[in-house]
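Peer 1: Sharing structure-v3.txt (compact mmCIF, C-alpha atoms) below.
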# COMPACT_ATOMS: atom_id res chain seq x y z
CA MET I 1 16.27 3.28 -38.74
CA ARG I 2 12.82 2.48 -37.35
CA ALA I 3 13.70 -0.95 -36.02
CA ASN I 4 16.79 0.33 -34.24
CA SER I 5 14.98 2.75 -32.01
CA SER I 6 12.82 -0.09 -30.68
CA ILE I 7 15.70 -1.02 -28.38
CA ILE I 8 15.11 2.30 -26.56
CA TYR I 9 11.49 1.44 -25.87
CA LEU I 10 12.44 -2.08 -24.85
CA THR I 11 14.87 -0.77 -22.21
CA ILE I 12 12.22 1.67 -20.99
CA LEU I 13 9.73 -1.19 -20.63
CA VAL I 14 12.30 -3.19 -18.65
CA ALA I 15 12.88 -0.15 -16.44
CA LEU I 16 9.12 0.20 -15.81
CA VAL I 17 8.90 -3.47 -14.82
CA LEU I 18 11.93 -3.09 -12.51
CA GLN I 19 10.27 -0.06 -10.92
CA ILE I 20 7.27 -2.08 -9.75
CA ILE I 21 8.67 -5.59 -9.32
CA PRO I 22 7.86 -6.82 -5.77
CA MET I 23 10.80 -6.65 -3.36
CA PRO I 24 11.18 -7.39 0.37
CA THR I 25 10.12 -4.42 2.53
CA GLY I 26 13.64 -3.75 3.87
CA VAL I 27 15.29 -3.62 0.46
CA ASP I 28 12.39 -1.76 -1.10
CA ALA I 29 13.46 1.60 0.33
CA TYR I 30 16.73 1.32 -1.64
CA ARG I 31 15.13 0.51 -5.00
CA PRO I 32 17.19 2.42 -7.61
CA ASP I 33 15.49 4.93 -9.94
CA TRP I 34 15.70 2.56 -12.90
CA LEU I 35 13.51 4.62 -15.18
CA LEU I 36 15.33 7.85 -14.38
CA ILE I 37 18.80 6.53 -15.18
CA ILE I 38 17.72 4.78 -18.35
CA LEU I 39 15.96 7.93 -19.57
CA CYS I 40 19.05 9.93 -18.52
CA TYR I 41 21.31 7.75 -20.64
CA TRP I 42 19.15 7.96 -23.75
CA GLY I 43 18.52 11.67 -23.14
CA MET I 44 22.28 12.17 -23.07
CA ALA I 45 23.23 9.89 -25.97
CA LEU I 46 20.26 10.51 -28.29
CA PRO I 47 18.57 13.78 -27.28
CA ASN I 48 16.54 13.83 -30.50
CA ARG I 49 14.98 10.44 -29.67
CA VAL I 50 14.38 10.67 -25.91
CA SER I 51 13.34 14.08 -24.77
CA VAL I 52 10.99 15.73 -22.30
CA GLY I 53 7.91 14.32 -24.06
CA VAL I 54 8.99 10.66 -23.75
CA ALA I 55 9.94 11.30 -20.11
CA ALA I 56 6.49 12.76 -19.42
CA ILE I 57 4.69 9.78 -21.01
CA CYS I 58 6.82 7.37 -18.94
CA GLY I 59 5.96 9.47 -15.89
CA PHE I 60 2.24 9.17 -16.57
CA ILE I 61 2.56 5.38 -16.91
CA LEU I 62 4.50 5.25 -13.63
CA ASP I 63 1.75 7.31 -11.96
CA LEU I 64 -0.84 4.78 -13.13
CA LEU I 65 1.29 1.87 -11.89
CA TYR I 66 2.00 3.50 -8.51
CA GLY I 67 -1.49 4.89 -8.01
CA THR I 68 -0.14 8.40 -7.37
CA ALA I 69 -1.96 11.47 -8.72
CA LEU I 70 -1.58 11.62 -12.52
CA GLY I 71 1.21 14.09 -13.30
CA VAL I 72 3.43 13.68 -10.23
CA HIS I 73 6.04 11.46 -11.84
CA SER I 74 5.76 13.11 -15.23
CA ILE I 75 6.87 16.41 -13.67
CA ALA I 76 9.54 14.64 -11.63
CA LEU I 77 10.97 12.93 -14.74
CA ALA I 78 10.57 15.77 -17.23
CA ILE I 79 12.66 18.23 -15.20
CA PRO I 80 15.81 16.02 -14.86
CA ILE I 81 15.53 14.95 -18.52
CA PHE I 82 15.28 18.60 -19.54
CA ILE I 83 18.53 19.28 -17.66
CA VAL I 84 20.19 16.25 -19.28
CA ASN I 85 18.99 17.25 -22.78
CA ALA I 86 20.20 20.80 -22.38
CA ASN I 87 23.65 19.66 -21.20
CA CYS I 88 24.02 16.46 -23.22
CA GLN I 89 27.30 17.46 -24.88
CA LYS I 90 28.90 18.45 -21.59
CA LEU I 91 27.75 15.22 -19.93
CA ARG I 92 29.08 13.03 -22.75
CA ASN I 93 32.58 14.42 -22.34
CA GLN I 94 32.71 14.16 -18.58
CA SER I 95 34.63 11.51 -16.65
CA MET I 96 32.72 8.74 -14.87
CA ILE I 97 33.16 10.43 -11.46
CA GLN I 98 31.70 13.69 -12.80
CA GLN I 99 28.82 11.80 -14.40
CA VAL I 100 28.08 9.98 -11.15
CA ILE I 101 27.92 13.30 -9.32
CA ALA I 102 25.60 14.68 -12.02
CA ILE I 103 23.35 11.60 -11.74
CA MET I 104 23.31 11.98 -7.96
CA LEU I 105 22.11 15.57 -8.28
CA LEU I 106 19.52 14.58 -10.90
CA SER I 107 18.22 11.79 -8.67
CA ILE I 108 17.94 14.24 -5.75
CA VAL I 109 16.05 16.68 -8.00
CA HIS I 110 13.78 13.81 -9.08
CA HIS I 111 12.91 12.83 -5.51
CA LEU I 112 12.50 16.42 -4.37
CA CYS I 113 10.09 17.03 -7.26
CA ILE I 114 8.04 13.96 -6.25
CA PHE I 115 8.01 15.19 -2.65
CA TRP I 116 7.08 18.78 -3.51
CA VAL I 117 4.26 17.86 -5.87
CA GLN I 118 2.90 15.20 -3.49
CA TYR I 119 3.16 17.71 -0.64
CA TRP I 120 1.00 20.04 -2.67
CA VAL I 121 -1.60 17.34 -3.39
CA VAL I 122 -1.67 15.46 -0.06
CA SER I 123 0.06 16.78 3.05
CA LEU I 124 2.95 14.61 4.20
CA GLU I 125 6.07 15.04 6.25
CA PHE I 126 9.64 15.13 5.02
CA ARG I 127 11.83 12.09 5.65
CA TRP I 128 15.48 11.61 4.88
CA SER I 129 14.73 8.06 3.74
CA LEU I 130 13.43 9.82 0.62
CA PHE I 131 17.00 9.98 -0.69
CA TRP I 132 18.04 6.38 -0.04
CA PRO I 133 17.31 5.33 -3.65
CA THR I 134 19.89 7.95 -4.73
CA LEU I 135 22.62 5.81 -3.13
CA SER I 136 21.76 2.68 -5.11
CA THR I 137 21.21 4.77 -8.23
CA ILE I 138 24.74 6.21 -8.26
CA ILE I 139 26.24 2.78 -7.59
CA LEU I 140 24.28 1.45 -10.54
CA TRP I 141 25.00 4.26 -13.01
CA PRO I 142 28.46 3.12 -14.28
CA TRP I 143 27.10 -0.37 -15.05
CA ILE I 144 23.96 0.91 -16.73
CA PHE I 145 26.02 3.40 -18.72
CA TRP I 146 28.35 0.66 -19.90
CA LEU I 147 25.51 -1.74 -20.70
CA LEU I 148 23.42 0.76 -22.63
CA ARG I 149 26.42 2.06 -24.57
CA LYS I 150 27.23 -1.51 -25.56
CA LEU I 151 23.61 -2.04 -26.62
CA ARG I 152 23.57 1.24 -28.54
CA ARG I 153 26.74 0.36 -30.46
CA GLN I 154 25.81 -3.26 -31.05
CA PHE I 155 22.39 -2.47 -32.47
CA ASN I 156 23.48 0.82 -34.01
CA VAL I 157 20.66 2.72 -32.35
CA ALA I 158 20.31 6.23 -33.74
CA MET Q 1 26.13 15.08 -36.89
CA ASN Q 2 22.73 16.72 -36.93
CA ASP Q 3 21.44 14.30 -34.31
CA PHE Q 4 21.01 16.88 -31.59
CA PHE Q 5 19.16 19.43 -33.61
CA LEU Q 6 15.61 19.02 -32.43
CA ARG Q 7 12.75 18.92 -34.82
CA GLY Q 8 9.59 20.67 -33.69
CA PRO Q 9 9.31 23.02 -30.70
CA SER Q 10 12.38 24.01 -28.69
CA LEU Q 11 13.40 22.20 -25.52
CA GLN Q 12 12.19 24.97 -23.21
CA SER Q 13 8.75 25.13 -24.76
CA ARG Q 14 8.47 21.33 -24.59
CA LEU Q 15 9.25 21.42 -20.87
CA ILE Q 16 6.68 24.16 -20.32
CA ILE Q 17 4.02 22.19 -22.24
CA VAL Q 18 4.76 19.05 -20.18
CA LEU Q 19 4.67 20.94 -16.87
CA VAL Q 20 1.39 22.65 -17.75
CA VAL Q 21 -0.23 19.37 -18.89
CA SER Q 22 0.95 17.56 -15.73
CA ALA Q 23 -0.25 20.33 -13.43
CA LEU Q 24 -3.61 20.35 -15.23
CA ALA Q 25 -3.86 16.56 -14.85
CA ILE Q 26 -3.23 16.81 -11.11
CA VAL Q 27 -5.78 19.59 -10.62
CA VAL Q 28 -8.44 17.96 -12.81
CA GLU Q 29 -8.02 14.61 -11.07
CA ALA Q 30 -8.32 16.20 -7.63
CA ARG Q 31 -11.36 18.36 -8.49
CA VAL Q 32 -13.42 16.48 -11.08
CA ASN Q 33 -15.04 13.20 -10.02
CA GLN Q 34 -15.90 11.98 -13.52
CA VAL Q 35 -12.28 11.25 -14.47
CA LYS Q 36 -12.18 8.34 -11.99
CA SER Q 37 -13.59 5.96 -14.60
CA LEU Q 38 -11.04 7.24 -17.13
CA ARG Q 39 -8.29 6.47 -14.65
CA ALA Q 40 -9.66 2.95 -14.08
CA TYR Q 41 -9.64 2.47 -17.86
CA LEU Q 42 -6.04 3.68 -18.16
CA THR Q 43 -5.03 1.47 -15.21
CA SER Q 44 -6.30 -1.63 -16.96
CA PHE Q 45 -4.41 -0.42 -20.05
CA VAL Q 46 -1.06 -0.60 -18.17
CA SER Q 47 -1.89 -3.78 -16.25
CA PRO Q 48 0.21 -5.93 -18.65
CA VAL Q 49 3.29 -4.25 -17.15
CA GLN Q 50 2.00 -5.24 -13.72
CA TYR Q 51 1.58 -8.85 -14.84
CA LEU Q 52 5.08 -8.76 -16.34
CA ALA Q 53 6.52 -7.52 -13.04
CA ASP Q 54 4.60 -10.20 -11.21
CA MET Q 55 5.92 -12.98 -13.44
CA PRO Q 56 9.34 -13.74 -11.84
CA GLY Q 57 7.65 -14.36 -8.50
CA GLU Q 58 5.01 -16.52 -10.18
CA VAL Q 59 7.69 -18.56 -11.98
CA LEU Q 60 9.57 -19.06 -8.70
CA ASN Q 61 6.37 -20.15 -6.98
CA TRP Q 62 5.52 -22.49 -9.81
CA SER Q 63 8.98 -24.07 -9.88
CA ALA Q 64 9.01 -24.36 -6.09
CA HIS Q 65 5.73 -26.27 -6.36
CA ARG Q 66 7.03 -28.32 -9.24
CA PHE Q 67 10.34 -29.33 -7.73
CA SER Q 68 9.52 -29.61 -4.04
CA SER Q 69 10.07 -33.19 -3.00
CA ARG Q 70 7.30 -35.70 -2.46
CA GLN Q 71 8.44 -36.09 1.15
CA ARG Q 72 7.94 -32.40 1.83
CA MET Q 73 4.55 -32.36 0.16
CA LEU Q 74 3.45 -35.28 2.32
CA GLU Q 75 4.71 -33.51 5.44
CA GLU Q 76 2.91 -30.35 4.45
CA ASN Q 77 -0.24 -32.31 3.72
CA ASP Q 78 -0.06 -33.90 7.18
CA LYS Q 79 0.44 -30.54 8.82
CA LEU Q 80 -2.47 -28.98 6.94
CA THR Q 81 -4.77 -31.89 7.76
CA THR Q 82 -3.94 -31.52 11.47
CA GLN Q 83 -4.52 -27.79 11.26
CA LEU Q 84 -7.84 -28.29 9.47
CA THR Q 85 -9.03 -30.77 12.10
CA LEU Q 86 -8.09 -28.39 14.91
CA LEU Q 87 -9.77 -25.45 13.19
CA ASN Q 88 -12.90 -27.51 12.51
CA GLY Q 89 -13.03 -28.36 16.20
CA GLU Q 90 -12.88 -24.67 17.03
CA LEU Q 91 -15.53 -23.98 14.40
CA GLN Q 92 -18.00 -26.38 16.00
CA ARG Q 93 -17.82 -24.36 19.20
CA LEU Q 94 -18.20 -21.14 17.23
CA ASP Q 95 -21.23 -22.56 15.40
CA ALA Q 96 -22.96 -23.29 18.67
CA LEU Q 97 -22.12 -19.80 19.91
CA LYS Q 98 -23.35 -18.24 16.68
CA PHE Q 99 -26.61 -20.15 16.92
CA GLU Q 100 -27.06 -19.13 20.52
CA ASN Q 101 -26.19 -15.51 19.75
CA ASN Q 102 -28.69 -15.37 16.91
CA ASN Q 103 -31.37 -16.88 19.15
CA LEU Q 104 -30.69 -14.30 21.83
CA ARG Q 105 -30.73 -11.54 19.23
CA GLN Q 106 -34.10 -12.76 18.00
CA LEU Q 107 -35.39 -12.65 21.57
CA LEU Q 108 -34.18 -9.04 21.81
CA ALA Q 109 -35.70 -8.29 18.39
CA ALA Q 110 -32.25 -7.22 17.17
CA PRO Q 111 -31.31 -7.98 13.54
CA VAL Q 112 -29.67 -11.37 13.08
CA LYS Q 113 -26.11 -11.21 11.80
CA ARG Q 114 -25.81 -12.23 8.19
CA ASP Q 115 -23.11 -14.35 6.65
CA MET Q 116 -20.48 -12.55 4.62
CA TYR Q 117 -19.54 -13.81 1.17
CA LYS Q 118 -15.83 -14.17 0.48
CA ILE Q 119 -13.46 -14.57 -2.46
CA VAL Q 120 -9.75 -15.30 -2.11
CA ALA Q 121 -7.48 -12.77 -3.84
CA GLU Q 122 -3.73 -12.78 -4.23
CA LEU Q 123 -1.25 -9.93 -3.81
CA MET Q 124 0.22 -8.69 -7.10
CA SER Q 125 2.39 -5.78 -6.11
CA LEU Q 126 3.26 -3.59 -3.17
CA ASP Q 127 4.01 0.10 -3.62
CA ASN Q 128 7.49 1.24 -2.83
CA ASN Q 129 6.26 4.77 -2.32
CA PRO Q 130 6.94 5.73 1.31
CA TYR Q 131 3.97 8.13 1.31
CA SER Q 132 1.24 5.74 0.36
CA HIS Q 133 0.56 2.24 1.58
CA GLN Q 134 -1.26 0.62 -1.30
CA ILE Q 135 -1.23 -2.86 -2.79
CA VAL Q 136 -2.55 -4.30 -6.03
CA ILE Q 137 -4.56 -7.54 -5.96
CA ASP Q 138 -5.51 -9.91 -8.78
CA LYS Q 139 -9.31 -9.47 -8.62
CA GLY Q 140 -11.14 -6.64 -10.34
CA GLY Q 141 -14.36 -5.50 -11.94
CA MET Q 142 -14.78 -8.89 -13.62
CA ASN Q 143 -15.13 -10.45 -10.14
CA SER Q 144 -17.59 -7.67 -9.14
CA VAL Q 145 -15.15 -6.03 -6.77
CA TYR Q 146 -16.42 -2.58 -5.80
CA SER Q 147 -14.74 0.57 -4.55
CA GLY Q 148 -14.83 0.81 -0.75
CA GLN Q 149 -15.01 -2.95 -0.25
CA ALA Q 150 -13.41 -4.42 2.90
CA VAL Q 151 -10.28 -6.57 2.49
CA ILE Q 152 -9.05 -8.92 5.24
CA ASP Q 153 -6.56 -11.74 5.56
CA SER Q 154 -6.36 -14.70 7.92
CA THR Q 155 -5.06 -12.50 10.76
CA GLY Q 156 -7.14 -9.31 10.53
CA ILE Q 157 -8.30 -6.31 8.55
CA ILE Q 158 -5.98 -5.17 5.75
CA GLY Q 159 -7.73 -2.22 4.15
CA GLN Q 160 -10.33 -1.26 1.58
CA ILE Q 161 -10.58 -1.20 -2.21
CA LEU Q 162 -9.55 2.16 -3.64
CA GLU Q 163 -9.69 1.71 -7.42
CA VAL Q 164 -11.16 -1.12 -9.46
CA GLY Q 165 -9.56 -2.16 -12.75
CA THR Q 166 -10.88 -4.86 -15.08
CA THR Q 167 -8.78 -7.72 -13.75
CA ASN Q 168 -7.00 -6.15 -10.80
CA SER Q 169 -7.68 -3.53 -8.19
CA ARG Q 170 -5.84 -1.30 -5.76
CA VAL Q 171 -6.20 -1.62 -1.99
CA LEU Q 172 -5.57 1.19 0.49
CA LEU Q 173 -4.03 -0.31 3.63
CA ILE Q 174 -5.25 0.71 7.09
CA THR Q 175 -1.69 1.90 7.87
CA ASP Q 176 -1.80 4.60 5.16
CA THR Q 177 -1.78 8.13 6.58
CA SER Q 178 -4.99 8.95 4.71
CA HIS Q 179 -6.89 5.96 6.11
CA ALA Q 180 -9.06 5.82 9.23
CA ILE Q 181 -11.16 2.93 10.52
CA PRO Q 182 -13.84 3.04 13.23
CA VAL Q 183 -12.88 0.61 16.00
CA ARG Q 184 -13.97 -0.69 19.38
CA VAL Q 185 -11.79 -1.77 22.31
CA GLY Q 186 -12.83 -5.34 23.02
CA ARG Q 187 -12.53 -5.22 26.83
CA THR Q 188 -14.46 -2.02 27.52
CA ASN Q 189 -16.44 -1.38 24.32
CA PHE Q 190 -14.79 2.02 24.12
CA MET Q 191 -15.23 3.40 20.58
CA SER Q 192 -12.57 5.29 18.70
CA ILE Q 193 -11.07 5.78 15.26
CA ALA Q 194 -7.75 4.17 14.31
CA VAL Q 195 -5.74 6.27 11.88
CA GLY Q 196 -2.75 5.04 9.88
CA THR Q 197 0.64 6.54 10.70
CA GLY Q 198 2.54 5.66 7.53
CA ASP Q 199 4.34 2.90 9.44
CA TYR Q 200 3.43 -0.71 8.56
CA PHE Q 201 3.43 -1.70 12.22
CA GLU Q 202 1.56 1.16 13.84
CA LEU Q 203 -1.89 2.74 14.01
CA GLN Q 204 -2.97 5.54 16.31
CA LEU Q 205 -6.29 5.92 18.12
CA GLN Q 206 -7.75 9.41 17.74
CA HIS Q 207 -9.27 11.58 20.47
CA VAL Q 208 -8.94 9.19 23.41
CA PRO Q 209 -9.86 11.15 26.57
CA HIS Q 210 -7.65 10.73 29.65
CA SER Q 211 -10.55 9.13 31.48
CA ALA Q 212 -10.93 6.34 28.89
CA ASP Q 213 -9.98 2.85 30.05
CA VAL Q 214 -7.46 1.65 27.47
CA ARG Q 215 -4.55 -0.56 28.50
CA GLU Q 216 -1.60 -2.14 26.78
CA GLY Q 217 -2.52 -5.48 25.26
CA ASP Q 218 -6.19 -4.61 24.70
CA LEU Q 219 -7.67 -6.12 21.55
CA ILE Q 220 -9.06 -3.66 19.02
CA SER Q 221 -11.70 -4.80 16.52
CA SER Q 222 -13.74 -3.06 13.85
CA SER Q 223 -16.95 -1.48 15.19
CA GLY Q 224 -18.96 -1.68 11.99
CA LEU Q 225 -19.82 2.00 12.07
CA GLY Q 226 -19.36 3.78 8.77
CA ASN Q 227 -20.64 0.75 6.84
CA VAL Q 228 -17.32 -0.01 5.15
CA PHE Q 229 -15.85 -2.64 7.44
CA PRO Q 230 -18.08 -5.36 8.90
CA LYS Q 231 -18.29 -5.53 12.68
CA GLY Q 232 -16.01 -7.68 14.80
CA TYR Q 233 -12.94 -8.34 12.65
CA PRO Q 234 -9.62 -7.90 14.51
CA VAL Q 235 -7.69 -4.69 13.76
CA GLY Q 236 -4.84 -4.87 16.27
CA THR Q 237 -3.62 -4.81 19.85
CA VAL Q 238 -2.73 -1.75 21.93
CA LYS Q 239 1.06 -1.36 21.95
CA THR Q 240 1.66 1.73 24.08
CA VAL Q 241 -0.50 4.17 26.01
CA ILE Q 242 1.07 7.55 26.81
CA SER Q 243 -1.03 9.63 29.15
CA ASP Q 244 0.46 13.11 29.33
CA GLU Q 245 -1.95 15.45 31.19
CA SER Q 246 -0.54 18.50 29.40
CA GLN Q 247 -1.87 17.10 26.14
CA PRO Q 248 -5.60 17.24 25.33
CA PHE Q 249 -5.82 13.49 24.60
CA LYS Q 250 -4.15 10.22 25.47
CA GLN Q 251 -1.74 8.91 22.87
CA VAL Q 252 -2.64 5.31 22.09
CA LEU Q 253 -0.56 3.33 19.58
CA VAL Q 254 -1.86 0.06 18.13
CA THR Q 255 0.03 -2.75 16.39
CA PRO Q 256 -2.06 -4.04 13.46
CA SER Q 257 -2.85 -7.75 13.80
CA ALA Q 258 -2.13 -8.34 10.11
CA ASN Q 259 1.49 -8.12 9.04
CA MET Q 260 1.32 -5.57 6.23
CA GLY Q 261 4.85 -6.35 5.06
CA ARG Q 262 4.05 -10.02 4.43
CA LEU Q 263 0.72 -10.19 2.69
CA LYS Q 264 0.00 -12.99 0.26
CA PHE Q 265 -3.56 -14.34 0.28
CA LEU Q 266 -6.37 -11.92 1.03
CA LEU Q 267 -10.13 -12.24 1.39
CA LEU Q 268 -12.63 -9.88 -0.20
CA LEU Q 269 -15.92 -9.53 1.70
CA TRP Q 270 -19.41 -9.05 0.28
CA THR Q 271 -22.65 -8.62 2.18
CA ALA Q 272 -25.47 -11.04 1.28
CA ASP Q 273 -27.29 -8.56 -0.97
CA LYS Q 274 -24.24 -7.99 -3.17
CA LYS Q 275 -23.30 -11.63 -3.66
CA PRO Q 276 -21.04 -12.08 -6.71
CA GLU Q 277 -20.47 -15.12 -8.93
CA GLY Q 278 -18.25 -17.75 -7.36
CA ALA Q 279 -18.26 -16.33 -3.84
CA ILE Q 280 -18.99 -18.65 -0.93
CA SER Q 281 -20.31 -18.07 2.56
CA SER Q 282 -19.31 -20.10 5.61
CA THR Q 283 -22.64 -22.04 5.58
CA GLU Q 284 -22.06 -23.03 1.96
CA LEU Q 285 -18.48 -23.94 2.80
CA LYS Q 286 -19.75 -26.32 5.47
CA MET Q 287 -22.21 -27.94 3.06
CA LEU Q 288 -19.39 -28.35 0.56
CA GLN Q 289 -17.25 -29.97 3.25
CA ARG Q 290 -20.06 -32.37 4.18
CA THR Q 291 -20.50 -33.51 0.58
CA LEU Q 292 -16.73 -33.99 0.31
CA ASN Q 293 -16.71 -36.08 3.48
CA GLU Q 294 -19.60 -38.19 2.22
CA GLY Q 295 -17.75 -38.69 -1.04
CA GLU Q 296 -14.90 -40.32 0.86
For the file at hand, write its structure as structure tokens.
Peer 2:
Amino acid sequence: MRANSSIIYLTILVALVLQIIPMPTGVDAYRPDWLLIILCYWGMALPNRVSVGVAAICGFILDLLYGTALGVHSIALAIPIFIVNANCQKLRNQSMIQQVIAIMLLSIVHHLCIFWVQYWVVSLEFRWSLFWPTLSTIILWPWIFWLLRKLRRQFNVA
Amino acid sequence: MNDFFLRGPSLQSRLIIVLVVSALAIVVEARVNQVKSLRAYLTSFVSPVQYLADMPGEVLNWSAHRFSSRQRMLEENDKLTTQLTLLNGELQRLDALKFENNNLRQLLAAPVKRDMYKIVAELMSLDNNPYSHQIVIDKGGMNSVYSGQAVIDSTGIIGQILEVGTTNSRVLLITDTSHAIPVRVGRTNFMSIAVGTGDYFELQLQHVPHSADVREGDLISSSGLGNVFPKGYPVGTVKTVISDESQPFKQVLVTPSANMGRLKFLLLLWTADKKPEGAISSTELKMLQRTLNEGE
């Protein structure tokens, strides 16, 4: 039981690395929300393992890595994961198209939360480029979903 | 099938706890100064992730070095030798000028300019956050980097150190919206403050009166006021000047001389009184060069 759940933390670590890996400036604006979708999958499949608390800890680590005020990303991750946790059974039974739409909305919520909290801490102006990562995120979701489900079944993560 | 029955507090109360803790963390960090050291400690705690993220690039670099052909290395060596000779030629002229300048300064009883000590640092990661222009470099408290230290590269001023970790530190770029640097227009000695706009290729000069003589193409360098950036390092060139009399000030936009999107090797500057281990000044560099030449 104990060893199996390590795969969850391994995927989260990979997501954290992917969040900060250096990319060319042009492509950087489209960096998918790796951590968000990986937490979304585990929050949907195993809500008793990955919940709001894990999301908040990941958020704090991301804040340290990004140099943003401590708490910005933990709020921005905890809220979408709360929504996923609360609706996990609905989400599991939805078709891929419906899931993609749900992920799109969650990603928008995530970025709006970051913007709102940052706006409260340091004043900044709204830009539409804020939502560009949402595009790459929804393209990525079906593949991540498939990959993580395969991993979950292979290693019997519970 | 009891996998979605939560143990412990309910989902709603968990969310509320997390939100309260996060909000508290934000407020405490903004108001209390003492937590800065705690943050530096936590930052060095997560730095392994940073190193992990940096690794693919390092491996690529290493393999590029390893597998680049002998021919190309020789060509590169030739090119670098030519460049070094040319630069040394330029340096000789600069040396004479520096000597003359110091002599004149002594005549005027003005303080003689001191050498700066430098250490080369390498870029580790660039933030993808559109609201903050920050980078992480591979030198930290162990190399006696200090908060507020000036960072330059071979083309101009990059920014200043924001947070110091044990082995790495975070640099705030001059293009960040929260950054301002005191500058001087080279042609007219007009003083102003260049503020970041959140665009990697643009700075804006603040409070430029309509009577000020600022033209497109003017070189902007650091003025040395404020004691963060040393005097005379290039900051940028004036890109556009919009003089609209209905506005209180001229709008002057500056292109930074350093390309913030393509940073790789950076230089950290120390004044003589804060000299760290392993740092070298230009005079020492010259002595080193002389001994190398004699060795040949």
Peer 1: Kindly give the distance, in Å, that separates atom CA of I:Ile7 and atom CA of Q:Val49, rounded to a single decimal.
Peer 2: 17.0 Å
Peer 1: If the cut-off is 9 Å, can you tell me the residues of chain Q near chain I, counting all atoms listed in the file? I'd like them as number ranges by chain.
Peer 2: Q: 3-7, 11-12, 14-15, 17-19, 21-27, 29-30, 39, 42-43, 46-47, 49-50, 52-57, 124-132, 134, 163, 170, 177-178, 261-262
Peer 1: Let me know the centre plus edge lengths, in Å and rounded to one decimal, of a box with edges along x, y and z that contains all listed atoms of stretch 50-54 of chain I and is padded by 4 Å on every side, as JSON.
Peer 2:
{"center_x": 11.1, "center_y": 13.2, "center_z": -24.1, "size_x": 14.5, "size_y": 13.1, "size_z": 11.6}
Peer 1: If I take atom CA of Q:Thr271 and atom CA of Q:Gln149, how far is one from the other in Å, to one decimal?
Peer 2: 9.8 Å
Peer 1: So that I can check the surroundings of Q:Gly186, please list as an mmCIF file with C-alpha atoms, keeping the file's coordinate frame every protein, DNA and RNA residue that reaches within 12 Å of it, counting all atoms listed in the file and ignoring chain neighbours fewer than 4 positions away.
Peer 2:
data_model
loop_
_atom_site.group_PDB
_atom_site.id
_atom_site.type_symbol
_atom_site.label_atom_id
_atom_site.label_comp_id
_atom_site.auth_asym_id
_atom_site.auth_seq_id
_atom_site.Cartn_x
_atom_site.Cartn_y
_atom_site.Cartn_z
ATOM 1 C CA PHE Q 190 -14.790 2.020 24.120
ATOM 2 C CA MET Q 191 -15.230 3.400 20.580
ATOM 3 C CA SER Q 192 -12.570 5.290 18.700
ATOM 4 C CA ASP Q 213 -9.980 2.850 30.050
ATOM 5 C CA VAL Q 214 -7.460 1.650 27.470
ATOM 6 C CA ARG Q 215 -4.550 -0.560 28.500
ATOM 7 C CA GLY Q 217 -2.520 -5.480 25.260
ATOM 8 C CA ASP Q 218 -6.190 -4.610 24.700
ATOM 9 C CA LEU Q 219 -7.670 -6.120 21.550
ATOM 10 C CA ILE Q 220 -9.060 -3.660 19.020
ATOM 11 C CA SER Q 221 -11.700 -4.800 16.520
ATOM 12 C CA SER Q 222 -13.740 -3.060 13.850
ATOM 13 C CA SER Q 223 -16.950 -1.480 15.190
ATOM 14 C CA LYS Q 231 -18.290 -5.530 12.680
ATOM 15 C CA GLY Q 232 -16.010 -7.680 14.800
ATOM 16 C CA TYR Q 233 -12.940 -8.340 12.650
ATOM 17 C CA PRO Q 234 -9.620 -7.900 14.510
ATOM 18 C CA VAL Q 235 -7.690 -4.690 13.760
ATOM 19 C CA GLY Q 236 -4.840 -4.870 16.270
ATOM 20 C CA THR Q 237 -3.620 -4.810 19.850
ATOM 21 C CA VAL Q 238 -2.730 -1.750 21.930
#
Peer 1: With only C-alpha atoms as the counted atoms, please give the residues lying no more than 9 Å from I:Ile144, apart from itself and same-chain residues fewer than 6 positions off, as number ranges by chain.
Peer 2: I: 37-38, 41
Peer 1: What is the distance, in Å and to one decimal place, between atom CA of I:Leu106 and atom CA of Q:Pro48?
Peer 2: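 These two atoms are separated by 29.2 Å.
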